[in-house]
$ cat my_file04.txt   # compact mmCIF, C-alpha atoms
# COMPACT_ATOMS: atom_id res chain seq x y z
CA MET A 139 1.56 42.76 31.09
CA ASP A 140 4.96 41.84 29.69
CA LYS A 141 6.48 38.36 29.52
CA ARG A 142 8.61 38.85 32.66
CA ASN A 143 5.62 39.94 34.75
CA LEU A 144 3.55 37.00 33.51
CA GLN A 145 6.30 34.64 34.60
CA GLU A 146 6.56 36.34 38.00
CA LEU A 147 2.82 36.09 38.53
CA TRP A 148 2.80 32.41 37.54
CA GLU A 149 5.70 31.71 39.92
CA TYR A 150 3.68 33.24 42.74
CA VAL A 151 0.60 31.18 41.81
CA LEU A 152 2.70 28.00 41.73
CA THR A 153 4.07 28.62 45.23
CA GLN A 154 0.48 28.85 46.50
CA VAL A 155 -0.57 25.70 44.62
CA GLU A 156 2.42 23.83 46.04
CA LEU A 157 1.21 24.61 49.57
CA SER A 158 -2.15 22.96 48.83
CA ILE A 159 -1.40 19.71 46.99
CA SER A 160 1.06 16.84 47.26
CA SER A 161 4.55 17.11 45.75
CA ALA A 162 3.83 14.27 43.32
CA ASN A 163 0.65 15.93 42.03
CA PHE A 164 2.40 19.26 41.75
CA LYS A 165 5.25 17.84 39.64
CA THR A 166 2.86 15.86 37.45
CA TRP A 167 0.41 18.63 36.62
CA PHE A 168 2.28 21.93 36.91
CA SER A 169 5.73 21.40 35.39
CA ASN A 170 4.58 22.24 31.84
CA SER A 171 2.00 24.99 32.26
CA PHE A 172 2.30 28.77 32.14
CA ILE A 173 0.30 31.97 31.65
CA VAL A 174 -0.09 32.69 27.94
CA LYS A 175 -1.67 36.11 28.38
CA ILE A 176 -4.16 38.12 30.41
CA GLY A 177 -6.95 39.73 28.41
CA GLU A 178 -8.39 43.18 28.94
CA ASP A 179 -11.54 41.47 30.26
CA GLY A 180 -9.52 39.98 33.14
CA VAL A 181 -9.49 36.43 31.75
CA VAL A 182 -6.25 34.58 32.48
CA GLN A 183 -5.24 32.24 29.66
CA ILE A 184 -3.15 29.29 30.86
CA GLY A 185 -1.24 27.09 28.42
CA VAL A 186 -1.32 23.31 28.98
CA PRO A 187 0.23 20.48 26.92
CA SER A 188 -2.86 18.41 25.97
CA GLN A 189 -6.63 18.03 26.04
CA PHE A 190 -6.25 15.57 28.91
CA PHE A 191 -4.44 18.22 30.96
CA LYS A 192 -7.04 20.82 30.01
CA ASP A 193 -9.91 18.62 31.19
CA TRP A 194 -8.08 17.77 34.43
CA TYR A 195 -7.34 21.43 35.19
CA VAL A 196 -11.01 22.35 34.72
CA LYS A 197 -12.16 19.44 36.88
CA LYS A 198 -9.54 19.40 39.64
CA PHE A 199 -7.62 22.67 39.83
CA ASN A 200 -9.79 25.46 38.43
CA THR A 201 -11.40 26.47 41.71
CA LEU A 202 -8.04 26.54 43.52
CA LEU A 203 -6.33 28.54 40.75
CA LEU A 204 -9.18 31.02 40.46
CA LYS A 205 -9.12 31.64 44.21
CA ILE A 206 -5.36 32.29 44.12
CA PHE A 207 -5.66 34.70 41.18
CA ARG A 208 -8.55 36.55 42.83
CA ASP A 209 -6.60 36.83 46.07
CA VAL A 210 -3.99 38.72 44.02
CA SER A 211 -6.60 41.00 42.42
CA TYR A 212 -10.31 41.04 41.67
CA GLU A 213 -9.30 42.18 38.17
CA PHE A 214 -8.72 38.50 37.40
CA ARG A 215 -12.24 37.44 36.45
CA ASN A 216 -11.87 33.96 35.03
CA ILE A 217 -9.49 31.35 33.62
CA GLU A 218 -9.29 29.75 30.18
CA TYR A 219 -7.05 26.78 29.30
CA VAL A 220 -5.44 26.50 25.87
CA ILE A 221 -3.43 23.63 24.45
CA VAL A 222 0.10 24.72 23.49
CA LYS A 223 2.27 22.20 21.67
CA ASP A 224 6.03 21.58 21.76
CA GLU A 225 7.83 24.55 20.22
CA ARG A 226 5.13 26.89 21.41
CA ARG A 227 5.54 25.85 25.05
CA LYS A 228 7.19 29.15 25.98
CA PRO A 229 4.94 32.14 26.66
CA PRO A 230 4.74 34.40 23.59
CA LYS A 231 5.95 37.96 23.67
CA GLU A 232 3.08 40.44 23.96
CA SER A 233 2.49 42.85 21.14
CA ARG A 234 2.44 46.58 21.90
CA SER A 235 -1.31 46.78 21.50
CA SER A 236 -2.03 43.90 23.87
CA ALA A 237 0.53 45.07 26.41
CA ALA A 238 -1.04 48.50 26.48
CA GLY A 239 -4.38 47.07 27.54
CA ALA A 240 -3.00 44.48 29.92
CA LEU A 241 -3.35 44.62 33.67
CA SER A 242 -0.66 46.29 35.75
CA LEU A 243 0.22 44.83 39.13
CA PRO A 244 3.22 45.29 41.48
CA LEU A 245 4.31 41.68 41.24
CA ASP A 246 7.62 42.01 43.03
CA GLU A 247 5.74 41.94 46.34
CA PHE A 248 4.49 38.42 45.66
CA TYR A 249 7.83 36.64 45.77
CA ILE A 250 7.83 33.94 48.43
CA ASN A 251 10.94 32.61 50.11
CA LYS A 252 10.83 28.90 49.24
CA SER A 253 12.97 27.93 52.23
CA ASP A 254 10.40 29.13 54.75
CA ASN A 255 7.23 29.84 52.67
CA LEU A 256 7.02 33.37 54.06
CA ASN A 257 5.66 36.13 51.84
CA PRO A 258 7.76 39.30 52.29
CA ARG A 259 4.75 41.58 51.71
CA TYR A 260 3.27 40.45 55.04
CA THR A 261 5.02 42.72 57.53
CA PHE A 262 4.07 44.72 60.61
CA ASP A 263 4.72 47.91 58.63
CA THR A 264 1.80 47.06 56.31
CA PHE A 265 -0.42 45.68 59.08
CA VAL A 266 -3.16 48.14 60.03
CA ILE A 267 -3.90 48.07 63.76
CA GLY A 268 -7.39 48.83 65.03
CA SER A 269 -9.61 47.98 67.96
CA PHE A 270 -10.61 44.75 66.19
CA ASN A 271 -7.08 43.29 66.18
CA ALA A 272 -5.10 45.27 68.76
CA LEU A 273 -4.96 42.44 71.31
CA ALA A 274 -3.78 39.94 68.68
CA HIS A 275 -1.08 42.39 67.56
CA THR A 276 0.09 42.90 71.16
CA ALA A 277 0.27 39.15 71.72
CA ALA A 278 2.28 38.75 68.52
CA GLN A 279 4.80 41.34 69.68
CA ALA A 280 5.10 39.62 73.07
CA ALA A 281 5.76 36.27 71.39
CA LEU A 282 8.53 37.90 69.35
CA THR A 283 10.11 39.48 72.42
CA ARG A 284 10.35 36.16 74.28
CA PRO A 285 9.91 33.41 71.66
CA GLY A 286 9.20 29.98 73.03
CA ILE A 287 8.46 31.37 76.49
CA ALA A 288 5.74 34.02 76.29
CA TYR A 289 2.48 32.80 74.76
CA ASN A 290 3.58 29.41 73.48
CA PRO A 291 1.61 28.44 71.53
CA LEU A 292 0.07 31.65 70.24
CA PHE A 293 -3.33 30.83 68.72
CA ILE A 294 -4.93 33.50 66.49
CA TYR A 295 -8.51 32.92 65.40
CA GLY A 296 -11.31 34.75 63.59
CA ASP A 297 -13.50 34.57 60.50
CA THR A 298 -11.98 34.23 57.04
CA GLY A 299 -10.38 37.33 55.58
CA ARG A 300 -9.68 39.27 58.78
CA GLY A 301 -5.90 39.39 58.43
CA LYS A 302 -4.84 36.30 60.39
CA THR A 303 -2.42 35.12 57.71
CA HIS A 304 -0.92 38.60 57.41
CA LEU A 305 -0.31 38.76 61.15
CA ILE A 306 1.20 35.30 61.62
CA GLN A 307 3.45 35.71 58.57
CA ALA A 308 4.49 39.15 59.81
CA ILE A 309 5.66 37.39 62.99
CA GLY A 310 7.71 35.02 60.85
CA ASN A 311 9.30 37.79 58.79
CA GLN A 312 10.14 39.84 61.90
CA PHE A 313 11.53 36.73 63.63
CA LYS A 314 13.97 36.25 60.75
CA LYS A 315 15.21 39.83 61.15
CA SER A 316 15.40 39.74 64.95
CA TYR A 317 17.01 36.30 65.19
CA PRO A 318 19.04 35.77 61.98
CA GLY A 319 20.59 32.52 63.21
CA ARG A 320 17.25 30.80 63.81
CA LYS A 321 14.89 29.02 61.43
CA ALA A 322 11.24 29.89 60.80
CA PHE A 323 8.75 27.97 58.68
CA TYR A 324 5.17 28.65 57.56
CA LEU A 325 2.65 26.18 56.12
CA THR A 326 -1.04 25.33 56.15
CA SER A 327 -2.37 22.39 58.14
CA GLU A 328 -3.52 20.84 54.85
CA LYS A 329 0.04 20.89 53.53
CA PHE A 330 1.26 19.35 56.79
CA ALA A 331 -1.31 16.54 56.44
CA VAL A 332 -0.35 15.91 52.81
CA ASP A 333 3.38 15.85 53.63
CA TYR A 334 2.80 13.44 56.50
CA THR A 335 0.69 11.07 54.37
CA ASP A 336 3.30 11.16 51.59
CA ALA A 337 6.07 10.40 54.12
CA LEU A 338 4.18 7.40 55.50
CA GLN A 339 3.60 6.01 52.01
CA ALA A 340 7.24 6.55 51.04
CA GLY A 341 8.60 5.09 54.29
CA THR A 342 10.30 8.37 55.22
CA ALA A 343 8.38 9.19 58.43
CA ASN A 344 11.57 9.66 60.46
CA ARG A 345 12.92 12.15 57.96
CA PHE A 346 9.60 13.98 58.15
CA LYS A 347 9.82 14.17 61.95
CA ASP A 348 13.41 15.44 61.87
CA ARG A 349 12.56 18.08 59.29
CA TYR A 350 9.81 19.73 61.35
CA ARG A 351 11.71 19.50 64.63
CA GLN A 352 14.56 21.65 63.28
CA TYR A 353 12.54 24.87 63.24
CA ASP A 354 12.80 27.51 65.96
CA LEU A 355 9.48 29.01 64.88
CA LEU A 356 6.73 26.90 63.33
CA ILE A 357 3.66 28.71 61.96
CA MET A 358 0.66 26.60 60.96
CA ASP A 359 -2.29 28.26 59.22
CA ASP A 360 -5.93 27.05 59.18
CA ILE A 361 -5.52 24.38 61.85
CA GLN A 362 -9.26 23.63 61.65
CA PHE A 363 -8.63 21.54 58.53
CA LEU A 364 -7.08 18.81 60.69
CA SER A 365 -10.58 18.08 61.98
CA GLY A 366 -11.17 14.32 61.69
CA LYS A 367 -7.59 13.55 60.55
CA ASP A 368 -6.66 11.36 63.53
CA LYS A 369 -3.20 10.17 62.43
CA THR A 370 -2.06 13.63 61.41
CA GLN A 371 -3.36 15.03 64.71
CA GLU A 372 -1.32 12.45 66.60
CA GLU A 373 1.81 13.41 64.67
CA LEU A 374 1.18 17.10 65.36
CA PHE A 375 0.69 16.31 69.06
CA HIS A 376 4.14 14.72 69.27
CA LEU A 377 5.71 17.51 67.19
CA PHE A 378 4.09 20.09 69.45
CA ASN A 379 5.56 18.48 72.56
CA ALA A 380 9.02 18.20 71.00
CA LEU A 381 9.08 21.86 69.98
CA ARG A 382 7.66 23.30 73.17
CA ASP A 383 9.91 21.16 75.38
CA THR A 384 12.89 22.82 73.70
CA ASN A 385 11.39 26.35 73.96
CA LYS A 386 10.64 26.67 70.27
CA GLN A 387 7.81 29.01 69.36
CA ILE A 388 4.61 27.62 67.82
CA ILE A 389 1.89 29.73 66.21
CA PHE A 390 -1.48 28.53 64.94
CA SER A 391 -4.37 30.20 63.16
CA SER A 392 -7.96 29.05 62.77
CA ASP A 393 -11.40 30.32 61.83
CA ARG A 394 -12.61 29.41 65.33
CA SER A 395 -11.32 29.03 68.88
CA PRO A 396 -9.56 25.79 69.94
CA ALA A 397 -12.59 24.65 71.92
CA ALA A 398 -14.90 25.12 68.92
CA ILE A 399 -12.92 22.97 66.44
CA PRO A 400 -14.82 19.68 65.95
CA ASP A 401 -13.26 16.22 65.75
CA ILE A 402 -9.96 17.21 67.36
CA ALA A 403 -8.49 14.89 70.00
CA GLU A 404 -8.96 16.36 73.47
CA ARG A 405 -5.26 16.15 74.34
CA LEU A 406 -4.34 18.09 71.20
CA LYS A 407 -7.15 20.58 71.77
CA GLY A 408 -5.76 21.14 75.25
CA ARG A 409 -2.31 21.85 73.79
CA LEU A 410 -3.74 24.36 71.29
CA ALA A 411 -5.39 26.32 74.09
CA SER A 412 -2.51 26.06 76.59
CA GLY A 413 -0.70 29.27 75.63
CA MET A 414 -2.55 32.37 74.46
CA ALA A 415 -5.68 32.21 72.29
CA VAL A 416 -6.85 35.57 70.96
CA ASP A 417 -9.44 36.45 68.34
CA ILE A 418 -9.54 39.03 65.56
CA SER A 419 -13.04 40.46 65.36
CA GLU A 420 -14.80 42.22 62.48
CA PRO A 421 -13.03 45.49 61.59
CA ASP A 422 -14.90 48.69 62.45
CA THR A 423 -15.47 51.45 59.89
CA GLU A 424 -12.56 53.56 61.13
CA SER A 425 -10.16 50.63 60.77
CA ARG A 426 -11.48 49.81 57.29
CA MET A 427 -10.93 53.42 56.23
CA GLU A 428 -7.35 53.30 57.49
CA ILE A 429 -6.78 50.08 55.52
CA VAL A 430 -8.07 51.76 52.34
CA ARG A 431 -5.90 54.83 52.95
CA LYS A 432 -2.76 52.77 53.60
CA LYS A 433 -3.24 50.34 50.69
CA ALA A 434 -3.97 53.14 48.23
CA ALA A 435 -0.86 55.03 49.38
CA ALA A 436 1.22 51.89 48.86
CA HIS A 437 0.15 52.00 45.20
CA GLY A 438 1.05 55.70 44.97
CA PHE A 439 -2.48 57.14 45.17
CA LEU A 440 -3.95 59.65 47.61
CA PHE A 441 -7.70 59.08 47.72
CA SER A 442 -10.07 61.75 48.98
CA ASP A 443 -11.81 61.18 52.33
CA GLU A 444 -15.11 60.74 50.49
CA VAL A 445 -13.66 58.03 48.25
CA ILE A 446 -11.98 56.30 51.20
CA GLU A 447 -15.22 56.23 53.19
CA HIS A 448 -17.21 54.86 50.25
CA VAL A 449 -14.74 52.07 49.53
CA ALA A 450 -14.62 51.17 53.23
CA THR A 451 -18.40 51.00 53.66
CA VAL A 452 -19.87 49.94 50.31
CA ALA A 453 -19.69 46.23 51.13
CA PRO A 454 -19.01 45.31 54.76
CA GLY A 455 -17.08 42.06 54.84
CA SER A 456 -13.61 40.61 55.14
CA ILE A 457 -10.38 42.55 54.77
CA ARG A 458 -9.57 40.30 51.81
CA GLU A 459 -12.72 41.47 50.02
CA LEU A 460 -11.89 45.04 50.93
CA GLU A 461 -8.41 44.67 49.43
CA GLY A 462 -10.03 43.28 46.29
CA MET A 463 -12.10 46.45 45.97
CA ILE A 464 -9.05 48.62 46.61
CA ASN A 465 -7.11 46.78 43.89
CA TYR A 466 -10.04 47.29 41.51
CA VAL A 467 -10.17 51.04 42.16
CA VAL A 468 -6.38 51.29 41.90
CA CYS A 469 -6.39 49.53 38.53
CA GLN A 470 -9.04 51.99 37.31
CA ALA A 471 -6.92 54.86 38.58
CA GLN A 472 -3.79 53.46 36.89
CA ALA A 473 -5.64 53.27 33.59
CA LYS A 474 -6.80 56.88 33.94
CA GLY A 475 -3.54 58.21 35.38
CA THR A 476 -5.21 60.21 38.18
CA SER A 477 -6.96 59.52 41.46
CA PRO A 478 -10.66 58.75 40.86
CA ASP A 479 -13.51 60.98 42.01
CA ILE A 480 -16.41 59.71 44.09
CA ALA A 481 -18.77 59.31 41.10
CA GLU A 482 -16.28 57.07 39.29
CA VAL A 483 -15.70 54.96 42.40
CA ARG A 484 -19.42 54.53 43.08
CA ASN A 485 -19.93 53.36 39.51
CA ALA A 486 -16.88 51.06 39.57
CA LEU A 487 -17.89 49.34 42.81
CA ARG A 488 -21.58 48.81 42.08
CA SER A 489 -21.01 45.11 41.47
CA PHE A 490 -19.30 44.71 44.86
CA ALA A 491 -22.20 46.12 46.86
CA LYS A 492 -24.13 43.40 48.66
CA PRO A 493 -27.92 43.40 48.38
CA ALA A 494 -30.00 44.20 51.44
CA LYS A 495 -30.57 41.12 53.55
CA ASN A 496 -34.31 41.75 54.07
CA VAL A 497 -35.18 41.54 50.38
CA SER A 498 -38.22 39.41 49.52
CA VAL A 499 -38.18 36.29 47.35
CA LYS A 500 -40.72 37.93 45.07
CA HIS A 501 -38.41 40.93 44.58
CA VAL A 502 -35.51 38.68 43.54
CA VAL A 503 -37.74 36.66 41.21
CA GLY A 504 -39.06 39.86 39.62
CA LYS A 505 -35.62 41.36 39.02
CA VAL A 506 -34.12 38.16 37.60
CA ALA A 507 -37.15 37.52 35.38
CA GLU A 508 -36.91 41.09 34.09
CA PHE A 509 -33.17 40.69 33.46
CA TYR A 510 -33.67 37.53 31.37
CA GLY A 511 -36.84 38.79 29.68
CA ILE A 512 -39.14 35.99 30.86
CA ASP A 513 -42.56 36.02 32.47
CA GLU A 514 -42.27 36.18 36.27
CA GLU A 515 -45.00 33.56 36.75
CA SER A 516 -43.11 30.99 34.64
CA VAL A 517 -40.49 30.74 37.41
CA TYR A 518 -43.05 29.16 39.74
CA GLU A 519 -44.44 26.73 37.13
CA LYS A 520 -43.29 23.11 36.65
CA THR A 521 -41.96 23.89 33.18
CA ARG A 522 -38.53 22.68 32.06
CA ARG A 523 -38.19 25.11 29.17
CA ARG A 524 -34.55 26.08 28.71
CA GLU A 525 -35.22 29.81 28.80
CA VAL A 526 -36.83 29.39 32.24
CA VAL A 527 -34.62 26.72 33.86
CA ARG A 528 -31.41 28.77 33.96
CA PRO A 529 -33.03 31.95 35.40
CA ARG A 530 -34.78 29.80 38.04
CA GLN A 531 -31.44 28.22 39.01
CA VAL A 532 -29.86 31.68 39.24
CA ILE A 533 -32.69 32.81 41.54
CA MET A 534 -32.14 29.80 43.80
CA PHE A 535 -28.39 30.44 43.85
CA LEU A 536 -28.78 34.12 44.76
CA LEU A 537 -31.38 33.44 47.45
CA ARG A 538 -29.03 30.93 49.06
CA GLU A 539 -25.66 32.67 48.58
CA ASP A 540 -26.60 36.32 49.09
CA PHE A 541 -29.59 36.10 51.43
CA ASN A 542 -28.95 32.82 53.26
CA VAL A 543 -32.48 31.53 52.64
CA SER A 544 -32.74 27.83 53.57
CA TYR A 545 -33.02 25.21 50.82
CA PRO A 546 -36.51 24.01 51.93
CA THR A 547 -37.81 27.61 52.07
CA ILE A 548 -36.49 28.35 48.57
CA GLY A 549 -38.19 25.19 47.26
CA THR A 550 -41.49 26.06 48.93
CA LYS A 551 -41.46 29.67 47.71
CA LEU A 552 -40.61 28.68 44.12
CA GLY A 553 -43.58 26.45 43.36
CA GLY A 554 -43.27 23.76 46.04
CA ARG A 555 -40.07 22.14 44.79
CA ASP A 556 -38.11 19.57 46.78
CA HIS A 557 -35.07 20.93 48.67
CA THR A 558 -32.78 18.46 46.86
CA THR A 559 -33.70 20.16 43.58
CA VAL A 560 -32.68 23.49 45.07
CA ILE A 561 -29.37 22.08 46.31
CA HIS A 562 -28.62 20.65 42.85
CA SER A 563 -29.44 23.99 41.18
CA CYS A 564 -27.26 25.99 43.58
CA GLU A 565 -24.31 23.62 43.17
CA LYS A 566 -24.66 23.69 39.40
CA ILE A 567 -24.56 27.50 39.22
CA LYS A 568 -21.67 27.55 41.72
CA LYS A 569 -19.64 25.27 39.42
CA ASP A 570 -20.73 26.88 36.14
CA ILE A 571 -19.88 30.39 37.31
CA VAL A 572 -16.22 29.40 37.59
CA VAL A 573 -15.88 28.34 33.95
CA ASP A 574 -18.65 30.34 32.24
CA THR A 575 -17.56 33.96 31.85
CA ASP A 576 -20.91 35.09 30.48
CA LEU A 577 -22.81 33.59 33.41
CA ALA A 578 -20.42 35.22 35.89
CA LYS A 579 -21.04 38.61 34.25
CA GLU A 580 -24.80 38.02 34.27
CA ILE A 581 -24.85 37.29 38.00
CA GLN A 582 -22.61 40.27 38.68
CA SER A 583 -25.07 42.50 36.77
CA ILE A 584 -28.07 41.03 38.60
CA ARG A 585 -26.42 41.63 41.96
CA SER A 586 -25.90 45.28 41.07
CA ILE A 587 -29.64 45.78 40.36
CA LEU A 588 -30.64 43.97 43.56
CA VAL A 589 -28.83 46.53 45.73
$ encode --input "my_file04.txt" --output "structure tokens"
Amino acid sequence: MDKRNLQELWEYVLTQVELSISSANFKTWFSNSFIVKIGEDGVVQIGVPSQFFKDWYVKKFNTLLLKIFRDVSYEFRNIEYVIVKDERRKPPKESRSSAAGALSLPLDEFYINKSDNLNPRYTFDTFVIGSFNALAHTAAQAALTRPGIAYNPLFIYGDTGRGKTHLIQAIGNQFKKSYPGRKAFYLTSEKFAVDYTDALQAGTANRFKDRYRQYDLLIMDDIQFLSGKDKTQEELFHLFNALRDTNKQIIFSSDRSPAAIPDIAERLKGRLASGMAVDISEPDTESRMEIVRKKAAAHGFLFSDEVIEHVATVAPGSIRELEGMINYVVCQAQAKGTSPDIAEVRNALRSFAKPAKNVSVKHVVGKVAEFYGIDEESVYEKTRRREVVRPRQVIMFLLREDFNVSYPTIGTKLGGRDHTTVIHSCEKIKKDIVVDTDLAKEIQSIRSILV
């Protein structure tokens, strides 16, 4: 990946970071960092000015950054931080050999308009309509036809990764085209809460109120994160009234219906549900296949029906995960220069396949013990030998994350351990996997043999 593309990718990442943290934190920690390079193993190397910055990134920002990179492509496997001093602050030019093995991504689609936070890649043209989201799509079109009057507010809800953000941003992008003289703005509820808190502390609350009341279309993502934030909820309540009283369109998204969001004031909850609330359900196989077909075509590839069906069904889950698999297959195809055959795709996506949910604890213990070359019985013993402790923690992590086994049950099955020990082990692996590339690869390999 050449220097220009690295800078474009980093600019996109920064716009996403800026939506999630306060302005002061953003200026403090992200004004002097950049992508140094991306290795062939998918490790992103980020340059920072000092050891203090490096430690802070690992502790405070690594999870956020890794999520953003993986939302772009599953090819990005991990992040490393390197200290780059003074004259070396600018990203180095890639050599021919490193550029040849670097990742290729269409980065021009990730530019975000900083005046409204809308991502131009989220449009109705790229939105795949199926039975799972047809009603939400129809409601979105109605809101665009009569903004501020029909379905105000429009509340879109559904589990993570089902295309809610795509749909609500598509409304924003279409609104800009249909009504060029009006203002649209997109943000997350977390960003709204941070901005409001910063305004209170800076004594600029009135400026904050005026800013958000100027928009003709306000789109707020992940409203469930305002749960328990009483002061921010009150501010949103007053903003809601001000916008709706002047026929300005409001759109919300959430992972659950308005009535199911906990710790939300009843009067605000009533406002959220007062227009049109519609859910996006889990996509059916036919819709998933159409998503694969359309995304592959956007990258210039025509996949066979057999390949499309396999990609669509290998790991049922969110559309975001599906897009990650598509990006992975596309990157493989780009490297080869031709569309992949079914054997290549099956092999490439083995690590994405989710293990069967009815697997036994003993089966997981046996496979992990075999992988690490330890005696299966040692997992159940009270030993603290290093060669046993890590595999045991991995077993606990997999049982919890992949098979949803309860903490007490895991403890009981693995030698009568206390559930707090299991929780500690799971949290430790969850944190280590973010910074330890070898561990991440080990767990990926184990998951592929558990299928």
$ atom_distance --input "my_file04.txt" --atom1 "CA of Val573 in chain A" --atom2 "CA of Asp209 in chain A"
17.5 Å
$ atom_distance --input "my_file04.txt" --atom1 "CA of Ser365 in chain A" --atom2 "CA of Asp401 in chain A"
5.0 Å
$ residues_around --input "my_file04.txt" --residues "Arg215 in chain A" --least-positions-apart "3" --cutoff "12 Å" --atoms "all atoms listed in the file" --output "count of residues only"
32
$ closest_residue --input "my_file04.txt" --among "A:Pro396, A:Gly366, A:Gly549, A:Pro258" --to "Gln307 in chain A" --atoms "all atoms listed in the file"
A:Pro258
$ residues_near_point --input "my_file04.txt" --point "(-22.4, 56.6, 49.1)" --cutoff "8 Å" --atoms "all atoms listed in the file" --output "CSV table (one decimal) with C-alpha atoms, keeping the file's coordinate frame"
chain,number,residue,atom,x,y,z
A,448,HIS,CA,-17.2,54.9,50.2
A,452,VAL,CA,-19.9,49.9,50.3
A,484,ARG,CA,-19.4,54.5,43.1
$ closest_residue --input "my_file04.txt" --among "A:Pro546, A:Gly301, A:Gly319, A:Gly185" --to "Ser391 in chain A" --atoms "all atoms listed in the file"
A:Gly301
$ residues_around --input "my_file04.txt" --residues "range 260-265 of chain A" --least-positions-apart "2" --cutoff "9 Å" --atoms "all atoms listed in the file" --output "list in words"
Leu256, Asn257, Pro258, Ile267, His275, Gly301, Thr303, His304, Leu305, Ile306, Gln307, Ala308, Ile309, Gly310, Asn311, Gln312, Ile429, Lys432, Lys433 and Ala436 of chain A
$ write_last_selection --input "my_file04.txt" --atoms "C-alpha atoms" --output "JSON list (two decimals), in the frame of the given file"
[["chain", "number", "residue", "atom", "x", "y", "z"],
["A", 256, "LEU", "CA", 7.02, 33.37, 54.06],
["A", 257, "ASN", "CA", 5.66, 36.13, 51.84],
["A", 258, "PRO", "CA", 7.76, 39.30, 52.29],
["A", 267, "ILE", "CA", -3.90, 48.07, 63.76],
["A", 275, "HIS", "CA", -1.08, 42.39, 67.56],
["A", 301, "GLY", "CA", -5.90, 39.39, 58.43],
["A", 303, "THR", "CA", -2.42, 35.12, 57.71],
["A", 304, "HIS", "CA", -0.92, 38.60, 57.41],
["A", 305, "LEU", "CA", -0.31, 38.76, 61.15],
["A", 306, "ILE", "CA", 1.20, 35.30, 61.62],
["A", 307, "GLN", "CA", 3.45, 35.71, 58.57],
["A", 308, "ALA", "CA", 4.49, 39.15, 59.81],
["A", 309, "ILE", "CA", 5.66, 37.39, 62.99],
["A", 310, "GLY", "CA", 7.71, 35.02, 60.85],
["A", 311, "ASN", "CA", 9.30, 37.79, 58.79],
["A", 312, "GLN", "CA", 10.14, 39.84, 61.90],
["A", 429, "ILE", "CA", -6.78, 50.08, 55.52],
["A", 432, "LYS", "CA", -2.76, 52.77, 53.60],
["A", 433, "LYS", "CA", -3.24, 50.34, 50.69],
["A", 436, "ALA", "CA", 1.22, 51.89, 48.86]]
$ closest_residue --input "my_file04.txt" --among "A:Glu482, A:Gln387, A:Lys367, A:Arg382" --to "Ala280 in chain A" --atoms "only C-alpha atoms"
A:Gln387
$ atom_distance --input "my_file04.txt" --atom1 "CA of Tyr353 in chain A" --atom2 "CA of Ser169 in chain A"
28.9 Å
$ closest_residue --input "my_file04.txt" --among "A:Met358, A:Tyr295, A:Trp194, A:Leu144" --to "Leu157 in chain A" --atoms "only C-alpha atoms"
A:Met358
$ closest_residue --input "my_file04.txt" --among "A:Phe390, A:Lys505, A:Phe441, A:Val468" --to "Ile480 in chain A" --atoms "all atoms listed in the file"
A:Phe441
$ residues_around --input "my_file04.txt" --residues "range 330-346 of chain A" --least-positions-apart "6" --cutoff "9 Å" --atoms "only C-alpha atoms" --output "PyMOL selection string"
chain A and resi 157-162+358+364+367+369-371+373-374
$ residues_around --input "my_file04.txt" --residues "Asn170 in chain A" --least-positions-apart "3" --cutoff "10 Å" --atoms "all atoms listed in the file" --output "PyMOL selection string"
chain A and resi 165-167+185-187+191+222+227-228
$ closest_residue --input "my_file04.txt" --among "A:Tyr289, A:Val497, A:Arg426, A:Thr384" --to "Leu410 in chain A" --atoms "all atoms listed in the file"
A:Tyr289
$ axis_aligned_box --input "my_file04.txt" --around "range 505-518 of chain A" --padding-each-side "3 Å" --output "lines of an AutoDock Vina configuration file"
center_x = -39.1
center_y = 35.3
center_z = 34.7
size_x = 17.8
size_y = 18.2
size_z = 16.1
$ residues_near_point --input "my_file04.txt" --point "(-27.8, 30.8, 46.5)" --cutoff "12 Å" --atoms "all atoms listed in the file" --output "ChimeraX atom specification"
/A:499,502,530-545,547-549,560-568,581,585
$ residues_around --input "my_file04.txt" --residues "Val445 in chain A" --least-positions-apart "3" --cutoff "12 Å" --atoms "all atoms listed in the file" --output "ChimeraX atom specification"
/A:427,430-431,434,439-442,448-452,463-464,467-468,477-487
$ decode --input "my_file04.txt" --residues "range 283-288 of chain A" --atoms "N, CA and C atoms" --output "PDB file, in the first residue's frame"
ATOM      1  N   THR A 283     -39.596  11.309   1.553  1.00  0.00           N
ATOM      2  CA  THR A 283     -40.609  11.942   0.717  1.00  0.00           C
ATOM      3  C   THR A 283     -41.276  13.113   1.437  1.00  0.00           C
ATOM      4  N   ARG A 284     -41.535  12.916   2.737  1.00  0.00           N
ATOM      5  CA  ARG A 284     -42.173  13.982   3.531  1.00  0.00           C
ATOM      6  C   ARG A 284     -41.402  14.174   4.829  1.00  0.00           C
ATOM      7  N   PRO A 285     -40.169  14.698   4.752  1.00  0.00           N
ATOM      8  CA  PRO A 285     -39.337  14.834   5.957  1.00  0.00           C
ATOM      9  C   PRO A 285     -39.961  15.752   6.996  1.00  0.00           C
ATOM     10  N   GLY A 286     -39.905  15.311   8.227  1.00  0.00           N
ATOM     11  CA  GLY A 286     -40.438  16.094   9.329  1.00  0.00           C
ATOM     12  C   GLY A 286     -41.924  15.897   9.544  1.00  0.00           C
ATOM     13  N   ILE A 287     -42.571  15.189   8.625  1.00  0.00           N
ATOM     14  CA  ILE A 287     -44.026  14.993   8.723  1.00  0.00           C
ATOM     15  C   ILE A 287     -44.371  13.507   8.811  1.00  0.00           C
ATOM     16  N   ALA A 288     -43.889  12.733   7.839  1.00  0.00           N
ATOM     17  CA  ALA A 288     -44.138  11.289   7.863  1.00  0.00           C
ATOM     18  C   ALA A 288     -43.078  10.597   8.706  1.00  0.00           C
TER      19      ALA A 288
END
